[in-house]
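A.B. asks: I'd like to ask some things about the structure below.
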Amino acid sequence: MSEGDSVGESIHGKPSVVGAFFTRIGQVYQSWLDKSTPFHAVRWGATLLLTAVYMIRVYILQGWYIVTYALGIYHLNLFIAFLSPKVDPSMLDEDEGPSLPTKQNEEFRPFIRRLPEFKFWHSATKGIVIAMICTFFEAFNVPVFWPILVMYFIMLFCITMKRQIKHMVKYRYLPFTHGKRTYKEET
């Protein structure tokens, strides 16, 4: 690599002003993300508020249905990844390593998600922001008959969730738990 090839460096090997600016913006953004980590309800509340603003904007403008449909499909994919285990038991053979317990007397292994809650929230929020930005450009306002998209999305949601629930029942895992189980002492 020659001088000036690395990101954020000018021809003379010194950090460029533009590179330093974007590095600083990235650091500030990451700092705000780190500070927001423990506040689940506030983060999701802000995302729901942003979603409501987006939906009101689409309703008032009477357009951008393809963008909204794409956002819905993206959120559905995120939700399925959120509900799925990190290691899919259907893809493993019996001797290929750790798996979820399938019998009552097997050892308990905690449920580890393929997509953690924070990344789910962050990706969902970024998707809404990108969709909101798309509503400012007429090129994304493709004329479609929106009831067909709504019906197709409902069918897709039902089929996908039915398959996911069958998978959860077959491999006996529940992605929603609230802390460690405690047992009362019988005396």
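Labels used: A, B, ... for chains in the order of the structure tokens, numbers from 1 for residues in each chain, and numbers from 1 for ligands as shown.
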Would you give me, as JSON lines, each residue of segment 20-82 of chain A having an atom within 8 Å of an atom of segment 134-142 of chain A, along with its shortest atom pair and that distance in Å to one decimal, using only C-alpha atoms and sorting by chain and residue number?

C.D. replies:
```
{"residue": "A:Val58", "atom": "CA", "partner": "A:Thr135", "partner_atom": "CA", "distance": 7.7}
{"residue": "A:Gly63", "atom": "CA", "partner": "A:Asn141", "partner_atom": "CA", "distance": 5.9}
{"residue": "A:Trp64", "atom": "CA", "partner": "A:Asn141", "partner_atom": "CA", "distance": 4.6}
{"residue": "A:Tyr65", "atom": "CA", "partner": "A:Asn141", "partner_atom": "CA", "distance": 7.3}
{"residue": "A:Ile66", "atom": "CA", "partner": "A:Val142", "partner_atom": "CA", "distance": 6.7}
{"residue": "A:Val67", "atom": "CA", "partner": "A:Phe140", "partner_atom": "CA", "distance": 7.0}
```

A.B. asks: Please determine, counting only C-alpha atoms, which residue among A:Ile133, A:Ile154, A:Ile112, A:Ile128 has the shortest atom-to-atom distance to Tyr173 of chain A.

C.D. replies: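 Among A:Ile133, A:Ile154, A:Ile112, A:Ile128, it is A:Ile112 that comes nearest to Tyr173 of chain A.
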
A.B. asks: Do you have the atom CA of Met132 of chain A-atom CA of Gly72 of chain A distance handy?

C.D. replies: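 Atom CA of Gly72 of chain A lies at a distance of 13.1 Å from atom CA of Met132 of chain A.
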
A.B. asks: Using only C-alpha atoms for the distances, tell me which of A:Leu156, A:Ala81, A:Met161, A:Ala20 is nearest to Pro116 of chain A.

C.D. replies: A:Ala81

A.B. asks: In Å, rounded to a single decimal, give me how far atom CA of Phe111 of chain A is from atom CA of Val87 of chain A.

C.D. replies: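 Atom-to-atom, atom CA of Val87 of chain A and atom CA of Phe111 of chain A are spaced 9.5 Å apart.
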
A.B. asks: Determine the nearest neighbour of Gln62 of chain A from the options A:Val150, A:Gly45, A:Leu115, A:Phe145, counting only C-alpha atoms.

C.D. replies: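 Counting only C-alpha atoms, the residue closest to Gln62 of chain A is A:Phe145.
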
A.B. asks: Hey, can you check how far atom CA of Gln30 of chain A sits from atom CA of Phe79 of chain A?

C.D. replies: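 About the pair atom CA of Gln30 of chain A and atom CA of Phe79 of chain A: they are 23.4 Å apart.
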
A.B. asks: Going by DSSP on the backbone, which residues of segment 14-116 of chain A come out as alpha helix (DSSP H)? List them as an MDAnalysis selection string.

C.D. replies: chainID A and resid 17:36 40:61 65:83

A.B. asks: So, counting only C-alpha atoms, which residue among A:Tyr69, A:Tyr54, A:Ala131, A:Arg114 is closest to Asp88 of chain A?

C.D. replies: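 Smallest separation from Asp88 of chain A among the options: A:Arg114.
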
A.B. asks: Considering only C-alpha atoms, return as a list in words whatever protein or nucleic-acid residues lie within 10 Å of Leu78 of chain A, sequence-local ones (same chain, fewer than 5 positions apart) excluded.

C.D. replies: Gly72, Ile73, Leu83, Ser84, Arg114, Leu115, Lys119, Phe120, Trp121, Ser123 and Ala124 of chain A

A.B. asks: Store the residues picked out above in a file with C-alpha atoms, as a short mmCIF file (atom, residue, chain, number, x, y, z; two decimals), in the first residue's frame.

C.D. replies:
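For reference, result_29.cif as written:
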```
data_model
loop_
_atom_site.label_atom_id
_atom_site.label_comp_id
_atom_site.auth_asym_id
_atom_site.auth_seq_id
_atom_site.Cartn_x
_atom_site.Cartn_y
_atom_site.Cartn_z
CA GLY A 72 -42.71 -4.18 5.92
CA ILE A 73 -40.85 -7.08 4.27
CA LEU A 83 -37.34 -15.19 16.84
CA SER A 84 -34.85 -17.73 15.45
CA ARG A 114 -29.75 -15.03 15.65
CA LEU A 115 -30.47 -11.29 15.84
CA LYS A 119 -29.44 -4.97 16.63
CA PHE A 120 -33.10 -5.66 15.83
CA TRP A 121 -34.07 -2.23 17.15
CA SER A 123 -31.83 -2.12 12.05
CA ALA A 124 -35.59 -1.48 12.28
#
```
